[in-house]
Amino acid sequence: MRLVIVESPAKAKTINKYLGDDYTVMASYGHIRDLLAKNGSVKPEDDFSMTWELSSSGTKCVHEISKQLKSCDELLLATDPDREGEAISWHLKEVLAKNLPVPVKRIVFHEITRKAIKEAIAHPRDIDDNLVDSYLARRALDYLVGFTLSPILWRKLPGSRSAGRVQSVALRIIVDREVEIEDFETREYWTIEAKFTAKNKKIFPAKLTHFDGKKLDKFTLENHQKAHEIKDILLSQSFAVTAVEEKVVKRNPAPPFITSTLQQEAFRKLGFSAKKTMQVAQKLYEGVNVKGETIALITYMRTDSVNLSKEAIEKIRNLVSSKYGKNFLPEAPRIYKTKVKNAQEAHEAVRPVDADITPQMLSGKIPSDMYKLYTLIWKRAVASQMASAEFNQVQVDISDTLTAKNIFRAVGSTIKFEGFLQVYVEGKDESENVDEDEEQGLIPPLAKNDALEAKSIDACQHFTAPPPRFSEASLVKKLEELGIGRPSTYATILQVLRDRGYVKLENKCFVPEIRGRLVTSFLMSFFDKYLEYGFTADMEQSLDDISNGNKSRLDLLKDFWNGFCSYVSNTKEITISDVIDRLNETLGSFLFESNQDGSLNRICPECKSGELSLKIGRYGSFLGCSRYPECSYVRQLDSSAQAAENDNAAKAEPSEYPKFLGVDPVDGAEITLRKGPYGFYLQKDIRQPEAKIKDTPKSTEKKKKNAPKPSKKKEKIAKPARAAIPKFIVPANVDINTALWLLKLPLTLGIYEDDEVKIGIGRFGPYILFREKYISIKNPETIMTMTLNDAIGAICKRSEYLQKRAARSQG
């Protein structure tokens with residue numbers, strides 16, 4: 001009997017059907033242990049030794065595996081084929097090592113099919129020590145940065161949440177783009193655009209490219225006067241065709257998906273967040289129930305590789321030939337090379353396990369989100385092995401007949417052969433230009449020397465635009481280009497930035513919050529080296545070198561820690577006042593208005609003698625006067641409305657509350673943030689039917705007075721729902737989504753052992769409620785992202801503690 005261990009029950013269920021009675025498949029439910037969540041779990045003074053703690057679910061898992069091993073001859077660790085999967089296998093072997101009665105082997109496969117699993121079992125290997133070392137180095141780095149930087153932030157910059165090795169760099173990218181947008185100076189420019197009529201009476205557009213023999217660049221015509229002077233000259237001229245150039249332009253298909261491009265395209269075309277994309281892809285990989293049978297539909301979704309196996313290419317080519325025709329098939333298979341910095345090409349691209357399973361075959365048989373993502377993956381993979389698309393491109397030069405020095409140019413293209421475009425068209429980000437070879441419209445048949453009538457000639461005004469904010473797709477692309485983080489971590493990074501209140505999504509784009517700008521400015525002032533893009537990318541390269549056996553884990557950690565400690569020691573003597581002075585300086589153009597000469601105006605608008613300065617309190621950041629308490633001027637900092645504030649609206653008057661946050665999408669009730677004698681709270685107002693508040697005849701009123709008590713109760717107005725703002729949430733950062741969540745508390749997460757598991761916030765902070773027992777949540781902020789599994793872990797841990805305490809008292 002052989003025991004096979006995978007991460008999830010879904011994966012175990014799919015694999016189990018491919019193995020006979022000689023195998024038992026069990027799930028570890030992800031990682032069984034993690035670093036002890038307290039300072040000192042990584043010890044630099046002891047060669048960076050690490051203290052691990054089994055989770056409650058991990059303890060249960062190890063117990064079940066140990067029990068099962070008694071009747072088995074071999075243990076096969078079949079966790080995911082990447083660094084994280086290798087780590088899970090290593091943890092399992094380490095914990096089981098003391099009482100391991102059977103040999104242990106590692107098997108890997110990139111798709112859950114009978115053939116792949118049998119092949120993996122036939123070629124087992126040992127755990128890859130280099131991959132494990134790389135994991136340990138990454139885990140130690142993230143821990144040391146987080147547990148060292150975050151407390152500094154809490155002390156020096158009150159209200160901050162956390163800092164991270166990759167998280168803080170991603171935040172900097174978003175903040176830097178926002179600063180770039182704010183500093184952008186719009187520039188005016190003009191173009192001359194005409195519409196010409198051909199011999200066949202067809203009208204087509206053209207743009208002026210040369211005037212008086214000189215080429216026009218973007219800003220040659222910089223104002224109304226210049227543009228209209230040229231327009232007036234051209235209006236009196238006649239025109240003819242001076243050159244016609246026709247060519248066929250080919251466009252090749254994009255390679256099959258890797259993790260990052262899948263996240264980008266799913267955002268562009270399906271509106272999926274990176275997190276949702278990975279969740280849906282995980283289900284497609286582990287297996288989906290189709291008509292009572294569990295089938296794995298795609299290969300492993302965490303990959304940097306654009307490679308396809310020979311078998312997959314052959315199957316796709318056969319499909320293309322039969323479904324679309326041999327003319328849609330290139331002569332030779334397409335072979336792609338990755339362009340990702342620091343790519344790890346350990347396995348295949350994301351592709352359908354079986355290309356013959358078309359999306360149409362799954363329509364209505366699997367959940368909608370799975371169907372949409374599978375369709376995207378299938379189309380991209382199939383298109384990657386199809387023939388190039390071909391465009392007929394025409395470029396026509398039109399000159400004045402008098403001097404031939406004033407030239408208009410018309411460009412048009414049409415599809416000659418669809419090729420891969422019949423299956424798939426790659427999406428574009430807002431910042432990307434449309435390819436010139438894409439269809440641009442028809443140009444009527446023209447020949448050299450054809451006379452043309454200028455139907456209209458117009459001077460058109462334009463203005464340059466700042467770069468767009470990052471969407472999830474474009475930010476993932478930027479992180480990938482810079483070599484920062486790993487595709488498998490992008491979804492988590494973006495979610496953490498939002499959970500910490502550092503950024504918000506506005507029109508599907510990231511906008512830095514005040515807190516995010518302050519944290520970035522602080523870190524760039526005192527830890528600038530560790531926010532440099534190049535440093536973070538080099539660190540990723542070093543981690544890859546460890547996984548390839550080309551670098552020592554201890555050498556990397558020692559080099560990092562020695563440098564990092566010197567930065568930390570430099571902040572020990574820094575006071576909050578020093579931090580505020582630095583932030584006033586680095587964020588001056590954002591915080592303060594400018595004088596006409598460009599200098600910053602920090603004079604208090606109320607007392608006219610004090611100086612404005614950044615103030616940081618428990619309820620957020622604001623500008624205050626240096627003469628406080630004599631002058632009580634305050635201006636709240638609101639990233640979304642700061643530009644519109646004026647001096648009269650700048651004060652934090654009591655009338656600021658109640659503050660309207662939005663409406664409940666279920667019943668349309670208004671939700672407001674209010675300030676009471678005991679702090680801030682939320683209120684959901686209940687609207688009464690208008691008939692009950694309209695004028696009532698006096699006779700009716702008398703009847704009401706004499707009405708029996710039950711009817712009086714019916715006339716009472718229902719109390720509005722209220723929820724206090726807990727201490728770990730800054731009131732200024734409460735939005736409608738946070739408000740709706742708080743008003744739902746206590747919230748049921750799910751069922752465990754036939755009883756409800758609830759979470760809530762009480763007098764003593766966040767708690768888990770299970771079987772009428774309250775369990776305190778040590779880290780209050782985690783309640784907002786707590787899942788049923790997290791709560792079950794806390795319940796088990798509490799139960800174990802009580803059992804041990806009872807045993808000690810009996811002893």
# chains A, B, ... in the order shown; residues from 1 in each chain; ligands from 1
call {"tool": "residues_around", "arguments": {"residues": "Lys744 (chain A)", "least_positions_apart": "3", "cutoff": "10 Å", "atoms": "only C-alpha atoms", "output": "ChimeraX atom specification"}}
result
/A:721,723,739-741,747-748,760
call {"tool": "write_last_selection", "arguments": {"atoms": "N, CA and C atoms", "output": "PDB file, in the first residue's frame"}}
result
ATOM      1  N   ALA A 721     -30.296  50.582  12.812  1.00  0.00           N
ATOM      2  CA  ALA A 721     -29.191  49.677  13.144  1.00  0.00           C
ATOM      3  C   ALA A 721     -27.922  50.501  13.350  1.00  0.00           C
ATOM      4  N   ALA A 723     -23.567  50.384  14.685  1.00  0.00           N
ATOM      5  CA  ALA A 723     -22.359  49.587  14.946  1.00  0.00           C
ATOM      6  C   ALA A 723     -21.228  50.532  15.303  1.00  0.00           C
ATOM      7  N   ALA A 739     -18.384  49.654   6.133  1.00  0.00           N
ATOM      8  CA  ALA A 739     -19.591  49.910   6.926  1.00  0.00           C
ATOM      9  C   ALA A 739     -20.589  48.768   6.814  1.00  0.00           C
ATOM     10  N   LEU A 740     -20.822  48.301   5.600  1.00  0.00           N
ATOM     11  CA  LEU A 740     -21.765  47.199   5.399  1.00  0.00           C
ATOM     12  C   LEU A 740     -21.309  45.945   6.133  1.00  0.00           C
ATOM     13  N   TRP A 741     -19.991  45.703   6.121  1.00  0.00           N
ATOM     14  CA  TRP A 741     -19.447  44.528   6.807  1.00  0.00           C
ATOM     15  C   TRP A 741     -19.645  44.642   8.321  1.00  0.00           C
ATOM     16  N   LEU A 747     -21.307  37.760  12.321  1.00  0.00           N
ATOM     17  CA  LEU A 747     -21.419  37.173  10.991  1.00  0.00           C
ATOM     18  C   LEU A 747     -21.140  35.670  11.060  1.00  0.00           C
ATOM     19  N   THR A 748     -21.980  34.879  10.425  1.00  0.00           N
ATOM     20  CA  THR A 748     -21.769  33.424  10.383  1.00  0.00           C
ATOM     21  C   THR A 748     -20.820  33.069   9.245  1.00  0.00           C
ATOM     22  N   GLY A 760     -17.491  38.260  15.559  1.00  0.00           N
ATOM     23  CA  GLY A 760     -18.103  39.528  15.929  1.00  0.00           C
ATOM     24  C   GLY A 760     -17.102  40.397  16.674  1.00  0.00           C
TER      25      GLY A 760
END
call {"tool": "closest_atom_pairs", "arguments": {"of": "region 194-310 of chain A", "to": "region 477-499 of chain A", "cutoff": "9 Å", "atoms": "only C-alpha atoms", "output": "JSON lines"}}
result
{"residue": "A:Ile258", "atom": "CA", "partner": "A:Pro487", "partner_atom": "CA", "distance": 8.5}
{"residue": "A:Thr259", "atom": "CA", "partner": "A:Pro487", "partner_atom": "CA", "distance": 5.7}
{"residue": "A:Ser260", "atom": "CA", "partner": "A:Pro487", "partner_atom": "CA", "distance": 5.3}
{"residue": "A:Thr261", "atom": "CA", "partner": "A:Lys477", "partner_atom": "CA", "distance": 7.7}
{"residue": "A:Gln263", "atom": "CA", "partner": "A:Ala491", "partner_atom": "CA", "distance": 8.6}
{"residue": "A:Gln264", "atom": "CA", "partner": "A:Lys477", "partner_atom": "CA", "distance": 7.2}
{"residue": "A:Ser273", "atom": "CA", "partner": "A:Ala491", "partner_atom": "CA", "distance": 7.8}
{"residue": "A:Ala274", "atom": "CA", "partner": "A:Ala491", "partner_atom": "CA", "distance": 4.8}
{"residue": "A:Lys275", "atom": "CA", "partner": "A:Ala491", "partner_atom": "CA", "distance": 4.7}
{"residue": "A:Lys276", "atom": "CA", "partner": "A:Ala491", "partner_atom": "CA", "distance": 8.4}
{"residue": "A:Thr277", "atom": "CA", "partner": "A:Ala491", "partner_atom": "CA", "distance": 8.7}
{"residue": "A:Met278", "atom": "CA", "partner": "A:Ala491", "partner_atom": "CA", "distance": 7.7}
{"residue": "A:Met301", "atom": "CA", "partner": "A:Ser488", "partner_atom": "CA", "distance": 8.7}
{"residue": "A:Arg302", "atom": "CA", "partner": "A:Ser488", "partner_atom": "CA", "distance": 5.7}
{"residue": "A:Thr303", "atom": "CA", "partner": "A:Pro487", "partner_atom": "CA", "distance": 7.6}
{"residue": "A:Asp304", "atom": "CA", "partner": "A:Pro487", "partner_atom": "CA", "distance": 7.6}
call {"tool": "write_last_selection", "arguments": {"atoms": "all heavy atoms", "output": "tab-separated table (two decimals), in the first residue's frame"}}
result
chain	number	residue	atom	x	y	z
A	258	ILE	N	1.03	32.46	-19.08
A	258	ILE	CA	1.73	32.18	-17.85
A	258	ILE	C	0.87	32.82	-16.74
A	258	ILE	O	-0.16	33.43	-17.04
A	258	ILE	CB	3.17	32.74	-17.84
A	258	ILE	CG1	3.17	34.27	-18.06
A	258	ILE	CG2	4.01	32.06	-18.90
A	258	ILE	CD1	4.55	34.91	-17.98
A	259	THR	N	1.27	32.69	-15.50
A	259	THR	CA	0.42	33.18	-14.41
A	259	THR	C	0.08	34.65	-14.56
A	259	THR	O	-1.09	35.05	-14.46
A	259	THR	CB	1.11	32.95	-13.06
A	259	THR	OG1	1.46	31.58	-12.94
A	259	THR	CG2	0.20	33.34	-11.90
A	260	SER	N	1.09	35.47	-14.81
A	260	SER	CA	0.87	36.92	-14.85
A	260	SER	C	0.01	37.34	-16.04
A	260	SER	O	-0.88	38.18	-15.90
A	260	SER	CB	2.21	37.66	-14.89
A	260	SER	OG	2.97	37.25	-16.01
A	261	THR	N	0.26	36.77	-17.22
A	261	THR	CA	-0.55	37.16	-18.39
A	261	THR	C	-1.98	36.66	-18.25
A	261	THR	O	-2.92	37.30	-18.73
A	261	THR	CB	0.07	36.65	-19.69
A	261	THR	OG1	0.30	35.23	-19.59
A	261	THR	CG2	1.40	37.34	-19.98
A	263	GLN	N	-3.59	36.53	-15.37
A	263	GLN	CA	-4.20	37.51	-14.47
A	263	GLN	C	-4.54	38.80	-15.21
A	263	GLN	O	-5.61	39.39	-15.02
A	263	GLN	CB	-3.26	37.80	-13.30
A	263	GLN	CG	-3.08	36.63	-12.35
A	263	GLN	CD	-2.01	36.88	-11.31
A	263	GLN	OE1	-1.26	37.85	-11.38
A	263	GLN	NE2	-1.92	36.00	-10.32
A	264	GLN	N	-3.62	39.23	-16.07
A	264	GLN	CA	-3.85	40.47	-16.82
A	264	GLN	C	-5.04	40.35	-17.76
A	264	GLN	O	-5.92	41.21	-17.81
A	264	GLN	CB	-2.59	40.82	-17.62
A	264	GLN	CG	-1.40	41.21	-16.77
A	264	GLN	CD	-0.11	41.25	-17.58
A	264	GLN	OE1	-0.07	41.80	-18.67
A	264	GLN	NE2	0.95	40.67	-17.06
A	273	SER	N	-10.50	39.97	-10.61
A	273	SER	CA	-9.32	40.40	-9.88
A	273	SER	C	-8.28	39.30	-9.96
A	273	SER	O	-8.59	38.14	-10.30
A	273	SER	CB	-9.66	40.67	-8.42
A	273	SER	OG	-10.03	39.47	-7.76
A	274	ALA	N	-7.02	39.64	-9.63
A	274	ALA	CA	-5.96	38.62	-9.66
A	274	ALA	C	-6.29	37.49	-8.69
A	274	ALA	O	-6.08	36.31	-8.98
A	274	ALA	CB	-4.62	39.26	-9.30
A	275	LYS	N	-6.84	37.85	-7.53
A	275	LYS	CA	-7.19	36.85	-6.52
A	275	LYS	C	-8.27	35.91	-7.05
A	275	LYS	O	-8.16	34.69	-6.91
A	275	LYS	CB	-7.68	37.56	-5.25
A	275	LYS	CG	-8.06	36.62	-4.13
A	275	LYS	CD	-8.53	37.41	-2.91
A	275	LYS	CE	-8.93	36.48	-1.76
A	275	LYS	NZ	-9.40	37.24	-0.58
A	276	LYS	N	-9.30	36.46	-7.66
A	276	LYS	CA	-10.38	35.62	-8.18
A	276	LYS	C	-9.89	34.73	-9.31
A	276	LYS	O	-10.28	33.55	-9.39
A	276	LYS	CB	-11.53	36.51	-8.67
A	276	LYS	CG	-12.70	35.71	-9.21
A	276	LYS	CD	-13.88	36.60	-9.58
A	276	LYS	CE	-15.05	35.78	-10.09
A	276	LYS	NZ	-16.22	36.60	-10.40
A	277	THR	N	-9.05	35.26	-10.17
A	277	THR	CA	-8.50	34.47	-11.27
A	277	THR	C	-7.79	33.24	-10.75
A	277	THR	O	-7.99	32.12	-11.24
A	277	THR	CB	-7.53	35.31	-12.11
A	277	THR	OG1	-8.23	36.43	-12.68
A	277	THR	CG2	-6.91	34.49	-13.23
A	278	MET	N	-6.96	33.42	-9.71
A	278	MET	CA	-6.20	32.29	-9.18
A	278	MET	C	-7.12	31.29	-8.46
A	278	MET	O	-6.89	30.08	-8.52
A	278	MET	CB	-5.12	32.79	-8.22
A	278	MET	CG	-4.07	33.67	-8.90
A	278	MET	SD	-3.36	32.94	-10.40
A	278	MET	CE	-2.40	31.60	-9.69
A	301	MET	N	-1.37	26.26	-12.70
A	301	MET	CA	-1.58	27.66	-13.08
A	301	MET	C	-0.52	28.62	-12.53
A	301	MET	O	-0.57	29.81	-12.80
A	301	MET	CB	-2.98	28.13	-12.65
A	301	MET	CG	-3.23	28.10	-11.17
A	301	MET	SD	-3.53	26.42	-10.62
A	301	MET	CE	-3.20	26.58	-8.89
A	302	ARG	N	0.44	28.12	-11.74
A	302	ARG	CA	1.52	28.99	-11.25
A	302	ARG	C	2.79	28.66	-12.01
A	302	ARG	O	3.50	27.71	-11.68
A	302	ARG	CB	1.71	28.82	-9.74
A	302	ARG	CG	0.53	29.32	-8.94
A	302	ARG	CD	0.77	29.23	-7.43
A	302	ARG	NE	-0.40	29.70	-6.70
A	302	ARG	CZ	-1.41	28.94	-6.32
A	302	ARG	NH1	-1.38	27.64	-6.60
A	302	ARG	NH2	-2.44	29.43	-5.66
A	303	THR	N	3.06	29.42	-13.05
A	303	THR	CA	4.17	29.10	-13.94
A	303	THR	C	4.69	30.36	-14.64
A	303	THR	O	3.93	31.30	-14.90
A	303	THR	CB	3.74	28.07	-15.01
A	303	THR	OG1	4.79	27.88	-15.95
A	303	THR	CG2	2.49	28.54	-15.76
A	304	ASP	N	6.00	30.36	-14.91
A	304	ASP	CA	6.63	31.42	-15.69
A	304	ASP	C	6.91	30.97	-17.12
A	304	ASP	O	7.44	31.74	-17.92
A	304	ASP	CB	7.96	31.84	-15.06
A	304	ASP	CG	7.78	32.59	-13.76
A	304	ASP	OD1	6.81	33.35	-13.66
A	304	ASP	OD2	8.61	32.42	-12.85
call {"tool": "select_by_dssp", "arguments": {"residues": "region 146-180 of chain A", "states": "helix (DSSP H, G or I)", "output": "list of chain:residue names"}}
result
A:Gly146, A:Phe147, A:Thr148, A:Leu149, A:Ser150, A:Pro151, A:Ile152, A:Leu153, A:Trp154, A:Arg155, A:Lys156, A:Gln167, A:Ser168, A:Val169, A:Ala170, A:Leu171, A:Arg172, A:Ile173, A:Ile174, A:Val175, A:Asp176, A:Arg177, A:Glu178, A:Val179, A:Glu180
call {"tool": "residues_around", "arguments": {"residues": "region 26-30 of chain A", "least_positions_apart": "6", "cutoff": "8 Å", "atoms": "only C-alpha atoms", "output": "PyMOL selection string"}}
result
chain A and resi 3-9+12+57-58+61+65+88
call {"tool": "closest_atom_pairs", "arguments": {"of": "region 192-217 of chain A", "to": "region 396-413 of chain A", "cutoff": "10 Å", "atoms": "only C-alpha atoms", "output": "Markdown table"}}
result
| residue | atom | partner | partner_atom | distance |
| --- | --- | --- | --- | --- |
| A:Ile192 | CA | A:Phe408 | CA | 8.9 |
| A:Glu193 | CA | A:Phe408 | CA | 8.3 |
| A:Ala194 | CA | A:Phe408 | CA | 8.0 |
| A:Lys195 | CA | A:Ala410 | CA | 9.7 |
| A:Phe196 | CA | A:Ile398 | CA | 9.5 |
| A:Phe204 | CA | A:Ala410 | CA | 7.9 |
| A:Pro205 | CA | A:Ala410 | CA | 6.4 |
| A:Ala206 | CA | A:Ala410 | CA | 4.3 |
| A:Lys207 | CA | A:Phe408 | CA | 5.1 |
| A:Leu208 | CA | A:Phe408 | CA | 4.1 |
| A:Thr209 | CA | A:Phe408 | CA | 5.6 |
| A:His210 | CA | A:Ile407 | CA | 5.0 |
| A:Phe211 | CA | A:Asn406 | CA | 4.5 |
| A:Asp212 | CA | A:Lys405 | CA | 4.8 |
| A:Gly213 | CA | A:Lys405 | CA | 4.4 |
| A:Lys214 | CA | A:Lys405 | CA | 7.8 |
| A:Lys215 | CA | A:Ile407 | CA | 9.1 |
call {"tool": "atom_distance", "arguments": {"atom1": "CA of Arg722 (chain A)", "atom2": "CA of Leu682 (chain A)"}}
result
5.4 Å
call {"tool": "residues_around", "arguments": {"residues": "Glu426 (chain A)", "least_positions_apart": "5", "cutoff": "12 Å", "atoms": "only C-alpha atoms", "output": "list in words"}}
result
Arg251, Asn252, Pro253, Ala254, Pro255, Pro256, Phe257, Thr261, Leu262, Gln264, Glu265, Ala266, Arg268, Lys269, Leu376, Ile377, Lys379, Arg380, Ala381, Ala383, Ser384, Phe420, Leu421, Val434, Asp435 and Glu438 of chain A
call {"tool": "residues_around", "arguments": {"residues": "Lys675 (chain A)", "least_positions_apart": "6", "cutoff": "8 Å", "atoms": "only C-alpha atoms", "output": "ChimeraX atom specification"}}
result
/A:657-658,681
call {"tool": "write_last_selection", "arguments": {"atoms": "N, CA, C and O atoms", "output": "tab-separated table (two decimals), in the first residue's frame"}}
result
chain	number	residue	atom	x	y	z
A	657	TYR	N	-20.09	65.71	10.64
A	657	TYR	CA	-20.82	64.49	10.97
A	657	TYR	C	-22.28	64.83	11.26
A	657	TYR	O	-22.56	65.87	11.84
A	658	PRO	N	-23.23	63.97	10.88
A	658	PRO	CA	-23.00	62.66	10.25
A	658	PRO	C	-22.48	62.76	8.82
A	658	PRO	O	-22.88	63.66	8.08
A	681	TYR	N	-19.40	55.90	15.34
A	681	TYR	CA	-20.25	54.75	15.10
A	681	TYR	C	-20.96	54.90	13.76
A	681	TYR	O	-21.00	55.98	13.17
call {"tool": "closest_residue", "arguments": {"among": "A:Val244, A:Ala296, A:Gly20, A:Ala281", "to": "Thr113 (chain A)", "atoms": "only C-alpha atoms"}}
result
A:Ala296
call {"tool": "atom_distance", "arguments": {"atom1": "CA of Thr338 (chain A)", "atom2": "CA of Lys416 (chain A)"}}
result
29.3 Å
call {"tool": "closest_residue", "arguments": {"among": "A:Gly364, A:Pro746, A:Gly679, A:Gly624", "to": "Lys291 (chain A)", "atoms": "only C-alpha atoms"}}
result
A:Gly364
call {"tool": "select_by_dssp", "arguments": {"residues": "region 239-446 of chain A", "states": "strand (DSSP E or B)", "output": "ChimeraX atom specification"}}
result
/A:239-251,257,288-290,293-295,298,350,352,389-400,407-417,441
call {"tool": "atom_distance", "arguments": {"atom1": "CA of Val280 (chain A)", "atom2": "CA of Tyr752 (chain A)"}}
result
24.1 Å
